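Here the structure is laid out as structure tokens; the discussion comes afterwards.
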Amino acid sequence: MKGIAKQMQSLTNRNKQVDRSPMTFLERTYLWNIAKGMMITLRHLFKKKATIQYPEQKREFSRVWRGLHVLNRDEEGRERCTACGLCAVACPAEAITMEAAEREIGEENLYREEKYAAKYEINMLRCIFCGLCEEACPKDAIYLSETVTPADYARKKFIYSKEDLLIPNPVTESEAYAKAKGLQPNENRLVGKL
Ligand code: SF4
Ligand code: SF4
């Protein structure tokens, strides 16, 4: 057996000889090792902190960051979505479902096109926030905002309905609309350009 053990070689050459000589008195007190540990701790006290006090402090998002979806309205407050289904087709996670309906006479102030989404749902548990739905939309009806999707314990809370996603009406709820868009109150005039 001894002969076999002598022939065995390390595969990595990273093995180290263990020093088994008895510890000195100073080594047995561990003072030097404790001092070394404290020096590392002290060094980190004066370094720039990697953490922040969330939620009081928030980091700036990257310019390409994508958050919760918003269903957009036009400058007259009408829903832009025409339930064409292109966003659902483009979605790689199959997270979007919708039901189309015909606009009735007298509903021209509610829906921009003759067809609209009577039901529109996004399953946020499936969504990977790729933004392809936004790119596919020919009506500028959906975009990914800078709002973080809130955490929850119940899976069903992550199915966002049209009511959850629709932006407030810029005509009747101008303040809520500006807040949703991240605008200052006097910036409402930009509505048509956004
Ligand atoms: S962001 Fe991507 S994954 Fe999420 S709903 Fe849109 S297309 Fe689907
Ligand atoms: S959000 Fe855009 S792409 Fe999706 S159904 Fe509505 S109009 Fe079509």
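Every chain in the structure tokens has a letter given in the order shown (A, B, ...), and although residue numbers restart at 1 in each chain, ligands are simply numbered from 1 in the order shown.
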Residues of range 70-115 of chain A at most 10 Å from range 157-162 of chain A: nearest atom pair and distance in Å, only C-alpha atoms, as a Markdown table:
| residue | atom | partner | partner_atom | distance |
| --- | --- | --- | --- | --- |
| A:Val70 | CA | A:Lys162 | CA | 9.2 |
| A:Leu71 | CA | A:Lys162 | CA | 7.6 |
| A:Ala95 | CA | A:Ile159 | CA | 9.3 |
| A:Ile96 | CA | A:Tyr160 | CA | 9.7 |
| A:Thr97 | CA | A:Ser161 | CA | 9.7 |
| A:Met98 | CA | A:Lys162 | CA | 9.1 |
Within 10 Å of ligand 2 (counting only C-alpha atoms and all ligand atoms), which residues show up? I'd like them as an NGL selection string.
:A and (70-72 or 79-91 or 96-100 or 113 or 115-117 or 120 or 132-143)
In Å, how far is it from CA of Glu76 in chain A to CA of Glu114 in chain A?
15.7 Å
Expected answer as a PyMOL selection string: alpha helix (DSSP H) residues in chain A
chain A and resi 2-7+25-29+31-45+86-90+132-136+162-165+174-181
Report as a VMD selection string all protein, DNA and RNA residues lying within 10 Å of His69 in chain A, evaluated on only C-alpha atoms, omitting residues in the same chain fewer than 4 positions from it.
chain A and resid 122 124 129 131 133 to 134 142 to 149 160 164 to 167
Write out as a PyMOL selection string all residues of range 17-136 of chain A that DSSP puts in strand (DSSP E) for this structure's backbone.
chain A and resi 69-71+96-102+115-123
Output file for the residues above (C-alpha atoms, as a short mmCIF file (atom, residue, chain, number, x, y, z; two decimals), in the first residue's frame):
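Contents of the output file selection-v5.cif:
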data_model
loop_
_atom_site.label_atom_id
_atom_site.label_comp_id
_atom_site.auth_asym_id
_atom_site.auth_seq_id
_atom_site.Cartn_x
_atom_site.Cartn_y
_atom_site.Cartn_z
CA HIS A 69 -46.68 47.51 -18.59
CA VAL A 70 -49.05 50.38 -19.21
CA LEU A 71 -51.93 50.47 -21.66
CA ILE A 96 -50.70 38.21 -23.04
CA THR A 97 -54.33 37.31 -23.68
CA MET A 98 -57.18 39.49 -24.86
CA GLU A 99 -60.74 39.55 -26.12
CA ALA A 100 -61.74 41.97 -28.87
CA ALA A 101 -65.06 43.84 -29.08
CA GLU A 102 -66.69 46.16 -31.64
CA LYS A 115 -62.29 47.56 -32.42
CA TYR A 116 -61.02 47.57 -28.85
CA ALA A 117 -59.84 45.17 -26.16
CA ALA A 118 -62.82 44.28 -23.97
CA LYS A 119 -60.48 42.12 -21.94
CA TYR A 120 -56.70 42.38 -21.78
CA GLU A 121 -54.53 40.40 -19.41
CA ILE A 122 -50.81 40.00 -18.79
CA ASN A 123 -49.48 37.21 -16.63
#
Counting only C-alpha atoms and all ligand atoms, figure out which residue out of A:Gly67, A:Pro22, A:Pro168, A:Pro55 gets nearest to ligand 1.
A:Gly67
Find the residue from A:Glu108, A:Leu11, A:Arg43, A:Ala154 that sits nearest to Gly77 in chain A; use only C-alpha atoms when measuring.
A:Glu108
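Minimum atom-to-atom distances from A:Glu94, A:Glu163, A:Glu173, A:Glu104 to ligand 1 were compared using only C-alpha atoms and all ligand atoms, and the lowest value belongs to A:Glu94.
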If I take CA of Trp32 in chain A and CA of Ala50 in chain A, how far is one from the other in Å, to one decimal?
28.5 Å
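Shortest atom-to-atom contact with Arg126 in chain A among A:Ala93, A:Lys49, A:Arg155, A:Glu75: A:Ala93, counting only C-alpha atoms.
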